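Here's upload.cif, which has mmCIF, C-alpha atoms and all ligand atoms; chains and numbers go by the auth columns:
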```cif
data_start
loop_
_atom_site.group_PDB
_atom_site.id
_atom_site.type_symbol
_atom_site.label_atom_id
_atom_site.label_comp_id
_atom_site.label_asym_id
_atom_site.label_seq_id
_atom_site.Cartn_x
_atom_site.Cartn_y
_atom_site.Cartn_z
_atom_site.B_iso_or_equiv
_atom_site.auth_seq_id
_atom_site.auth_asym_id
ATOM 1 C CA MET A 1 7.213 -50.257 -10.921 0.00 1 A
ATOM 2 C CA ARG A 2 6.318 -46.999 -12.623 0.00 2 A
ATOM 3 C CA TYR A 3 3.312 -46.533 -10.331 0.00 3 A
ATOM 4 C CA LEU A 4 5.493 -47.158 -7.348 0.00 4 A
ATOM 5 C CA PHE A 5 7.880 -44.439 -8.534 0.00 5 A
ATOM 6 C CA ILE A 6 5.025 -41.957 -8.991 0.00 6 A
ATOM 7 C CA PHE A 7 3.751 -42.824 -5.557 0.00 7 A
ATOM 8 C CA PHE A 8 7.159 -42.111 -4.007 0.00 8 A
ATOM 9 C CA LEU A 9 7.471 -38.883 -5.953 0.00 9 A
ATOM 10 C CA PHE A 10 4.149 -37.647 -4.579 0.00 10 A
ATOM 11 C CA PHE A 11 4.967 -38.871 -1.126 0.00 11 A
ATOM 12 C CA SER A 12 8.306 -37.072 -1.011 0.00 12 A
ATOM 13 C CA LEU A 13 6.863 -33.836 -2.423 0.00 13 A
ATOM 14 C CA PHE A 14 4.117 -33.977 0.179 0.00 14 A
ATOM 15 C CA SER A 15 6.479 -34.533 3.080 0.00 15 A
ATOM 16 C CA LEU A 16 8.919 -31.881 1.828 0.00 16 A
ATOM 17 C CA SER A 17 6.231 -29.216 1.790 0.00 17 A
ATOM 18 C CA ASN A 18 5.280 -29.962 5.396 0.00 18 A
ATOM 19 C CA ALA A 19 8.582 -30.672 7.042 0.00 19 A
ATOM 20 C CA CYS A 20 10.416 -28.154 9.159 0.00 20 A
ATOM 21 C CA ASP A 21 13.883 -29.338 10.075 0.00 21 A
ATOM 22 C CA GLU A 22 14.264 -26.826 12.922 0.00 22 A
ATOM 23 C CA THR A 23 14.280 -28.160 16.467 0.00 23 A
ATOM 24 C CA ILE A 24 14.994 -26.813 19.931 0.00 24 A
ATOM 25 C CA MET A 25 16.267 -28.545 23.066 0.00 25 A
ATOM 26 C CA ILE A 26 14.610 -28.195 26.448 0.00 26 A
ATOM 27 C CA ASP A 27 16.040 -30.333 29.269 0.00 27 A
ATOM 28 C CA SER A 28 17.791 -32.569 26.721 0.00 28 A
ATOM 29 C CA VAL A 29 14.515 -33.291 24.921 0.00 29 A
ATOM 30 C CA GLU A 30 14.404 -32.288 21.269 0.00 30 A
ATOM 31 C CA TYR A 31 11.191 -30.655 20.036 0.00 31 A
ATOM 32 C CA SER A 32 10.228 -29.954 16.420 0.00 32 A
ATOM 33 C CA ILE A 33 9.246 -26.449 15.424 0.00 33 A
ATOM 34 C CA ASP A 34 5.827 -26.227 13.751 0.00 34 A
ATOM 35 C CA ASP A 35 4.866 -24.418 10.531 0.00 35 A
ATOM 36 C CA VAL A 36 3.789 -21.283 12.390 0.00 36 A
ATOM 37 C CA TRP A 37 7.312 -20.616 13.702 0.00 37 A
ATOM 38 C CA CYS A 38 9.389 -22.408 11.058 0.00 38 A
ATOM 39 C CA GLY A 39 11.956 -20.087 9.465 0.00 39 A
ATOM 40 C CA LYS A 40 11.347 -17.350 12.060 0.00 40 A
ATOM 41 C CA LEU A 41 14.331 -17.952 14.325 0.00 41 A
ATOM 42 C CA ILE A 42 15.585 -14.488 15.345 0.00 42 A
ATOM 43 C CA ASP A 43 19.138 -13.709 14.272 0.00 43 A
ATOM 44 C CA THR A 44 21.206 -13.648 17.473 0.00 44 A
ATOM 45 C CA MET A 45 22.625 -10.265 16.358 0.00 45 A
ATOM 46 C CA LEU A 46 19.130 -8.785 16.797 0.00 46 A
ATOM 47 C CA ILE A 47 18.632 -10.015 20.351 0.00 47 A
ATOM 48 C CA ALA A 48 18.810 -7.101 22.801 0.00 48 A
ATOM 49 C CA LYS A 49 21.582 -6.929 25.363 0.00 49 A
ATOM 50 C CA TYR A 50 21.005 -5.481 28.801 0.00 50 A
ATOM 51 C CA GLU A 51 22.827 -2.257 27.936 0.00 51 A
ATOM 52 C CA ASP A 52 20.359 -1.656 25.053 0.00 52 A
ATOM 53 C CA LEU A 53 17.394 -1.661 27.424 0.00 53 A
ATOM 54 C CA SER A 54 15.623 0.905 29.589 0.00 54 A
ATOM 55 C CA ARG A 55 12.971 0.382 32.217 0.00 55 A
ATOM 56 C CA ILE A 56 9.505 1.757 31.512 0.00 56 A
ATOM 57 C CA SER A 57 8.297 4.084 34.257 0.00 57 A
ATOM 58 C CA ASP A 58 6.271 2.251 36.938 0.00 58 A
ATOM 59 C CA SER A 59 3.158 4.338 36.282 0.00 59 A
ATOM 60 C CA LEU A 60 3.062 2.994 32.730 0.00 60 A
ATOM 61 C CA CYS A 61 3.578 -0.669 33.683 0.00 61 A
ATOM 62 C CA PHE A 62 0.876 -3.222 34.404 0.00 62 A
ATOM 63 C CA LYS A 63 0.455 -3.835 38.167 0.00 63 A
ATOM 64 C CA ASP A 64 3.923 -4.004 39.729 0.00 64 A
ATOM 65 C CA TYR A 65 5.635 -5.452 36.655 0.00 65 A
ATOM 66 C CA ARG A 66 9.155 -4.284 35.834 0.00 66 A
ATOM 67 C CA ILE A 67 9.344 -3.907 32.086 0.00 67 A
ATOM 68 C CA TYR A 68 12.363 -3.200 29.946 0.00 68 A
ATOM 69 C CA ILE A 69 12.505 -2.389 26.238 0.00 69 A
ATOM 70 C CA ARG A 70 15.038 -0.710 23.933 0.00 70 A
ATOM 71 C CA THR A 71 15.720 2.860 24.967 0.00 71 A
ATOM 72 C CA ASP A 72 14.367 4.441 21.749 0.00 72 A
ATOM 73 C CA ALA A 73 11.203 2.324 22.001 0.00 73 A
ATOM 74 C CA LYS A 74 10.797 3.294 25.658 0.00 74 A
ATOM 75 C CA ILE A 75 10.979 7.008 24.829 0.00 75 A
ATOM 76 C CA ALA A 76 8.408 6.574 22.054 0.00 76 A
ATOM 77 C CA PHE A 77 6.111 4.480 24.261 0.00 77 A
ATOM 78 C CA THR A 78 6.217 7.100 27.018 0.00 78 A
ATOM 79 C CA LYS A 79 5.255 9.866 24.568 0.00 79 A
ATOM 80 C CA MET A 80 2.497 7.696 23.123 0.00 80 A
ATOM 81 C CA ALA A 81 1.025 6.831 26.532 0.00 81 A
ATOM 82 C CA GLN A 82 1.069 10.520 27.531 0.00 82 A
ATOM 83 C CA ALA A 83 -0.703 11.499 24.303 0.00 83 A
ATOM 84 C CA ALA A 84 -3.318 8.823 24.997 0.00 84 A
ATOM 85 C CA LEU A 85 -3.816 10.121 28.543 0.00 85 A
ATOM 86 C CA ALA A 86 -4.446 13.578 27.116 0.00 86 A
ATOM 87 C CA ASP A 87 -7.313 11.925 25.191 0.00 87 A
ATOM 88 C CA SER A 88 -8.482 10.186 28.427 0.00 88 A
ATOM 89 C CA VAL A 89 -7.247 6.785 27.242 0.00 89 A
ATOM 90 C CA PHE A 90 -5.150 4.683 29.596 0.00 90 A
ATOM 91 C CA PHE A 91 -3.016 1.639 28.880 0.00 91 A
ATOM 92 C CA THR A 92 0.092 0.031 30.311 0.00 92 A
ATOM 93 C CA ALA A 93 2.978 -2.136 29.163 0.00 93 A
ATOM 94 C CA LYS A 94 2.450 -5.739 30.222 0.00 94 A
ATOM 95 C CA SER A 95 5.462 -7.412 28.633 0.00 95 A
ATOM 96 C CA GLY A 96 8.557 -6.090 26.919 0.00 96 A
ATOM 97 C CA PHE A 97 11.978 -7.663 26.530 0.00 97 A
ATOM 98 C CA ARG A 98 12.065 -11.397 27.185 0.00 98 A
ATOM 99 C CA SER A 99 15.315 -13.281 26.740 0.00 99 A
ATOM 100 C CA PRO A 100 15.394 -16.685 24.998 0.00 100 A
ATOM 101 C CA SER A 101 16.212 -18.289 28.372 0.00 101 A
ATOM 102 C CA TYR A 102 13.174 -16.650 29.993 0.00 102 A
ATOM 103 C CA GLN A 103 11.096 -17.899 27.046 0.00 103 A
ATOM 104 C CA LYS A 104 12.458 -21.389 27.728 0.00 104 A
ATOM 105 C CA GLN A 105 11.393 -21.126 31.399 0.00 105 A
ATOM 106 C CA MET A 106 7.863 -20.099 30.341 0.00 106 A
ATOM 107 C CA ILE A 107 7.642 -23.178 28.106 0.00 107 A
ATOM 108 C CA LYS A 108 9.104 -25.503 30.751 0.00 108 A
ATOM 109 C CA ARG A 109 6.525 -24.350 33.276 0.00 109 A
ATOM 110 C CA ARG A 110 3.674 -25.101 30.862 0.00 110 A
ATOM 111 C CA LEU A 111 5.133 -28.497 29.906 0.00 111 A
ATOM 112 C CA GLU A 112 5.321 -29.330 33.606 0.00 112 A
ATOM 113 C CA GLU A 113 1.623 -28.448 33.893 0.00 113 A
ATOM 114 C CA GLY A 114 0.999 -31.300 31.444 0.00 114 A
ATOM 115 C CA LYS A 115 0.542 -29.414 28.181 0.00 115 A
ATOM 116 C CA THR A 116 2.113 -30.761 24.992 0.00 116 A
ATOM 117 C CA PHE A 117 4.835 -28.768 23.227 0.00 117 A
ATOM 118 C CA ALA A 118 2.500 -28.184 20.248 0.00 118 A
ATOM 119 C CA GLU A 119 -0.154 -26.712 22.568 0.00 119 A
ATOM 120 C CA VAL A 120 2.346 -24.497 24.353 0.00 120 A
ATOM 121 C CA ILE A 121 3.868 -22.921 21.251 0.00 121 A
ATOM 122 C CA ARG A 122 0.458 -21.902 19.982 0.00 122 A
ATOM 123 C CA PHE A 123 0.624 -19.078 22.550 0.00 123 A
ATOM 124 C CA VAL A 124 4.280 -18.858 23.578 0.00 124 A
ATOM 125 C CA ALA A 125 7.021 -18.517 20.990 0.00 125 A
ATOM 126 C CA PRO A 126 9.781 -21.136 21.164 0.00 126 A
ATOM 127 C CA PRO A 127 13.005 -19.784 22.739 0.00 127 A
ATOM 128 C CA GLY A 128 14.901 -17.750 20.142 0.00 128 A
ATOM 129 C CA TYR A 129 11.766 -17.187 18.029 0.00 129 A
ATOM 130 C CA SER A 130 10.024 -14.462 20.013 0.00 130 A
ATOM 131 C CA GLY A 131 9.915 -10.894 18.773 0.00 131 A
ATOM 132 C CA HIS A 132 10.168 -9.968 22.472 0.00 132 A
ATOM 133 C CA SER A 133 13.839 -10.982 22.447 0.00 133 A
ATOM 134 C CA THR A 134 14.703 -8.055 20.148 0.00 134 A
ATOM 135 C CA GLY A 135 13.617 -5.533 22.792 0.00 135 A
ATOM 136 C CA TYR A 136 11.284 -3.824 20.297 0.00 136 A
ATOM 137 C CA SER A 137 8.078 -5.774 21.038 0.00 137 A
ATOM 138 C CA LEU A 138 5.563 -4.714 23.612 0.00 138 A
ATOM 139 C CA ASP A 139 2.364 -6.287 24.916 0.00 139 A
ATOM 140 C CA ILE A 140 -0.097 -3.597 25.938 0.00 140 A
ATOM 141 C CA ALA A 141 -2.839 -3.982 28.545 0.00 141 A
ATOM 142 C CA THR A 142 -5.831 -1.952 29.597 0.00 142 A
ATOM 143 C CA ASP A 143 -8.531 -2.382 32.224 0.00 143 A
ATOM 144 C CA SER A 144 -11.290 -3.476 29.854 0.00 144 A
ATOM 145 C CA TYR A 145 -11.651 -6.853 28.194 0.00 145 A
ATOM 146 C CA PRO A 146 -11.359 -8.037 25.467 0.00 146 A
ATOM 147 C CA PHE A 147 -8.479 -5.819 24.425 0.00 147 A
ATOM 148 C CA ALA A 148 -9.616 -5.756 20.783 0.00 148 A
ATOM 149 C CA LYS A 149 -12.831 -4.011 21.836 0.00 149 A
ATOM 150 C CA SER A 150 -11.215 -1.550 24.255 0.00 150 A
ATOM 151 C CA LYS A 151 -10.870 2.216 23.909 0.00 151 A
ATOM 152 C CA ALA A 152 -7.115 1.683 24.215 0.00 152 A
ATOM 153 C CA TYR A 153 -7.028 -0.517 21.112 0.00 153 A
ATOM 154 C CA GLU A 154 -9.249 1.877 19.210 0.00 154 A
ATOM 155 C CA TRP A 155 -6.900 4.752 20.103 0.00 155 A
ATOM 156 C CA LEU A 156 -3.777 2.747 19.226 0.00 156 A
ATOM 157 C CA SER A 157 -5.241 1.714 15.864 0.00 157 A
ATOM 158 C CA VAL A 158 -5.494 5.379 14.926 0.00 158 A
ATOM 159 C CA HIS A 159 -2.395 6.874 16.591 0.00 159 A
ATOM 160 C CA ALA A 160 0.274 4.237 17.292 0.00 160 A
ATOM 161 C CA ASN A 161 1.842 4.339 13.822 0.00 161 A
ATOM 162 C CA SER A 162 2.672 8.016 14.204 0.00 162 A
ATOM 163 C CA PHE A 163 4.711 7.085 17.319 0.00 163 A
ATOM 164 C CA GLY A 164 6.527 4.314 15.418 0.00 164 A
ATOM 165 C CA PHE A 165 4.503 1.380 16.831 0.00 165 A
ATOM 166 C CA PHE A 166 2.906 -1.193 14.540 0.00 166 A
ATOM 167 C CA GLU A 167 0.734 -4.236 15.125 0.00 167 A
ATOM 168 C CA THR A 168 2.840 -7.321 14.439 0.00 168 A
ATOM 169 C CA TYR A 169 -0.035 -9.738 13.889 0.00 169 A
ATOM 170 C CA PRO A 170 -2.986 -7.675 12.702 0.00 170 A
ATOM 171 C CA LYS A 171 -6.390 -9.148 11.976 0.00 171 A
ATOM 172 C CA GLY A 172 -6.267 -11.320 8.856 0.00 172 A
ATOM 173 C CA ASN A 173 -2.448 -11.350 8.765 0.00 173 A
ATOM 174 C CA LYS A 174 -0.792 -13.882 6.488 0.00 174 A
ATOM 175 C CA THR A 175 1.757 -15.216 8.984 0.00 175 A
ATOM 176 C CA LEU A 176 -0.270 -18.212 10.286 0.00 176 A
ATOM 177 C CA LYS A 177 -0.291 -16.402 13.645 0.00 177 A
ATOM 178 C CA THR A 178 -3.689 -15.471 14.977 0.00 178 A
ATOM 179 C CA TRP A 179 -4.604 -11.837 15.592 0.00 179 A
ATOM 180 C CA GLU A 180 -2.792 -10.408 18.647 0.00 180 A
ATOM 181 C CA PRO A 181 -4.213 -6.891 19.111 0.00 181 A
ATOM 182 C CA TRP A 182 -2.110 -6.301 22.266 0.00 182 A
ATOM 183 C CA HIS A 183 1.245 -7.102 20.614 0.00 183 A
ATOM 184 C CA TRP A 184 2.987 -4.062 19.089 0.00 184 A
ATOM 185 C CA GLU A 185 6.435 -3.561 17.702 0.00 185 A
ATOM 186 C CA TYR A 186 8.494 -0.392 17.586 0.00 186 A
ATOM 187 C CA LEU A 187 9.799 0.186 14.068 0.00 187 A
ATOM 188 C CA GLY A 188 10.508 3.891 14.403 0.00 188 A
ATOM 189 C CA ASP A 189 10.153 5.896 11.217 0.00 189 A
ATOM 190 C CA GLU A 190 10.412 2.887 8.913 0.00 190 A
HETATM 191 ZN ZN ZN B . 3.752 -10.210 22.649 0.00 201 B
#
```

Could you spell out this file's structure in structure tokens?
Amino acid sequence: MRYLFIFFLFFSLFSLSNACDETIMIDSVEYSIDDVWCGKLIDTMLIAKYEDLSRISDSLCFKDYRIYIRTDAKIAFTKMAQAALADSVFFTAKSGFRSPSYQKQMIKRRLEEGKTFAEVIRFVAPPGYSGHSTGYSLDIATDSYPFAKSKAYEWLSVHANSFGFFETYPKGNKTLKTWEPWHWEYLGDE
């Protein structure tokens, strides 16, 4: 009996440390949130509203994308891109504000392609969990690949902080998220 008790104690400790009780609903199917995203649901107060957003000038957007971010972040990004150009470095904004419902559409599309939810959320944040919903996150693109080895990334690594932009998931970060050299967040003077 005592051994059985010890077994249950270990079993429950083990399952407690791994369980995330957060779930999301997509088309009336409930999906469990994995350890990478667990506890990172964005407070709805922090989600940008349309009146908080400004459109980045077309010349600084990837292809014909229309990209919106918070107005203060847009002003800082414009200054940063101009400073880079003065150093002969060119990059564009590839993704800015994404609403939780847009995030849900992105996931739905990938589920329809036959991917599992676990596979999808390795690269796309679950709706409500993406930093892009705050309006302060920006994915940056350039014309050379991979981004981590580009002149743009090298320039950003040196100068972006002075414009208020910081890498959210730097190399070797402790968040369980892999390195995303193109994903930057505007924190201002913080
Ligand atoms: Zn991103």

Tell me, counting all atoms listed in the file, for each residue of chain A within 6 Å of ligand ZN 201 (chain B), which pair of atoms is nearest and how far apart they are in Å to one decimal, in rows ordered by chain and increasing number, as CSV.
```
residue,atom,partner,partner_atom,distance
A:Leu138,CA,B:ZN201,ZN,5.9
A:Asp139,CA,B:ZN201,ZN,4.7
A:His183,CA,B:ZN201,ZN,4.5
```

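Shortest atom-to-atom contact with Ser130 in chain A among A:Phe147, A:Phe91, A:Trp155, A:Tyr102: A:Tyr102, counting all atoms listed in the file.
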
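Interatomic distance, CA of Arg66 in chain A to CA of Phe97 in chain A: 10.3 Å.
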
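Within the 10 Å cut-off around Trp37 in chain A, using all atoms listed in the file and omitting residues fewer than 3 positions from it on the same chain, the listed residues are Cys20, Glu22, Ile33, Asp34, Lys40, Leu41, Ile121, Arg122, Ala125, Pro126, Tyr129, Ser130, Thr175, Leu176 and Lys177 of chain A.
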
CA of Met106 in chain A to CA of Leu46 in chain A, distance in Å rounded to a single decimal: 20.9 Å

Proximity to Gly135 in chain A - best of A:Asp64, A:Glu185, A:Glu30, A:Asp43, only C-alpha atoms: A:Glu185

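Separating CA of Ala76 in chain A from CA of Asn173 in chain A is a distance of 24.8 Å.
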
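Shortest atom-to-atom contact with Leu156 in chain A among A:Ser101, A:Trp179, A:Leu85, A:Ile107: A:Leu85, counting all atoms listed in the file.
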
Got a sec: who's within 6 Å of Thr134 in chain A, counting only C-alpha atoms, leaving out chain neighbours fewer than 3 positions off, as a ChimeraX atom specification? /A:46-48,131

Identify all residues satisfying the PyMOL selection byres (((chain A and resi 181) around 10) and not hetatm) in the given file; provide them as number ranges by chain. A: 139-141, 146-149, 153, 156-157, 167-171, 178-180, 182-184

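With all atoms listed in the file as the atoms that count, the minimum distance from Ser150 in chain A to the choices A:Phe90, A:Arg109, A:Asp35, A:Gly128 is reached by A:Phe90.
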
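Evaluating the PyMOL selection byres (((chain A and resi 108) around 12) and not hetatm) against the shown model yields Met25, Ile26, Asp27, Ser28, Val29, Ser101, Tyr102, Gln103, Lys104, Gln105, Met106, Ile107, Arg109, Arg110, Leu111, Glu112, Glu113, Gly114, Lys115, Thr116, Phe117, Val120, Ile121, Val124, Pro126 and Pro127 of chain A.
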
Write the selection just made, keeping C-alpha atoms, as an mmCIF file, in the coordinates of the input?
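See selection-v5.cif below for the written result:
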```cif
data_model
loop_
_atom_site.group_PDB
_atom_site.id
_atom_site.type_symbol
_atom_site.label_atom_id
_atom_site.label_comp_id
_atom_site.auth_asym_id
_atom_site.auth_seq_id
_atom_site.Cartn_x
_atom_site.Cartn_y
_atom_site.Cartn_z
ATOM 1 C CA MET A 25 16.267 -28.545 23.066
ATOM 2 C CA ILE A 26 14.610 -28.195 26.448
ATOM 3 C CA ASP A 27 16.040 -30.333 29.269
ATOM 4 C CA SER A 28 17.791 -32.569 26.721
ATOM 5 C CA VAL A 29 14.515 -33.291 24.921
ATOM 6 C CA SER A 101 16.212 -18.289 28.372
ATOM 7 C CA TYR A 102 13.174 -16.650 29.993
ATOM 8 C CA GLN A 103 11.096 -17.899 27.046
ATOM 9 C CA LYS A 104 12.458 -21.389 27.728
ATOM 10 C CA GLN A 105 11.393 -21.126 31.399
ATOM 11 C CA MET A 106 7.863 -20.099 30.341
ATOM 12 C CA ILE A 107 7.642 -23.178 28.106
ATOM 13 C CA ARG A 109 6.525 -24.350 33.276
ATOM 14 C CA ARG A 110 3.674 -25.101 30.862
ATOM 15 C CA LEU A 111 5.133 -28.497 29.906
ATOM 16 C CA GLU A 112 5.321 -29.330 33.606
ATOM 17 C CA GLU A 113 1.623 -28.448 33.893
ATOM 18 C CA GLY A 114 0.999 -31.300 31.444
ATOM 19 C CA LYS A 115 0.542 -29.414 28.181
ATOM 20 C CA THR A 116 2.113 -30.761 24.992
ATOM 21 C CA PHE A 117 4.835 -28.768 23.227
ATOM 22 C CA VAL A 120 2.346 -24.497 24.353
ATOM 23 C CA ILE A 121 3.868 -22.921 21.251
ATOM 24 C CA VAL A 124 4.280 -18.858 23.578
ATOM 25 C CA PRO A 126 9.781 -21.136 21.164
ATOM 26 C CA PRO A 127 13.005 -19.784 22.739
#
```

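Closest approach to Pro100 in chain A among A:Ser144, A:Ser133, A:Phe165, A:Tyr50: A:Ser133, based on only C-alpha atoms.
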
Export C-alpha atoms of range 88-115 of chain A from the structure just given, as a CSV table (one decimal), in the first residue's frame?
```
chain,number,residue,atom,x,y,z
A,88,SER,CA,23.5,51.4,-47.5
A,89,VAL,CA,21.5,48.7,-45.6
A,90,PHE,CA,18.0,48.0,-46.8
A,91,PHE,CA,15.2,46.1,-45.0
A,92,THR,CA,11.4,46.1,-45.0
A,93,ALA,CA,8.6,45.3,-42.6
A,94,LYS,CA,7.0,42.0,-43.4
A,95,SER,CA,4.5,41.6,-40.7
A,96,GLY,CA,3.2,43.9,-38.0
A,97,PHE,CA,-0.1,44.0,-36.1
A,98,ARG,CA,-2.0,40.7,-36.4
A,99,SER,CA,-5.3,40.4,-34.5
A,100,PRO,CA,-6.2,37.2,-32.6
A,101,SER,CA,-8.9,36.4,-35.2
A,102,TYR,CA,-6.3,36.8,-38.0
A,103,GLN,CA,-4.0,34.5,-36.1
A,104,LYS,CA,-6.9,32.0,-35.8
A,105,GLN,CA,-7.3,32.1,-39.6
A,106,MET,CA,-3.6,31.4,-40.2
A,107,ILE,CA,-3.9,28.3,-37.9
A,108,LYS,CA,-7.1,27.1,-39.6
A,109,ARG,CA,-5.5,27.3,-43.0
A,110,ARG,CA,-2.6,25.2,-41.8
A,111,LEU,CA,-4.9,22.7,-40.1
A,112,GLU,CA,-6.8,22.4,-43.3
A,113,GLU,CA,-3.6,21.6,-45.1
A,114,GLY,CA,-3.3,18.5,-42.9
A,115,LYS,CA,-0.9,19.7,-40.2
```
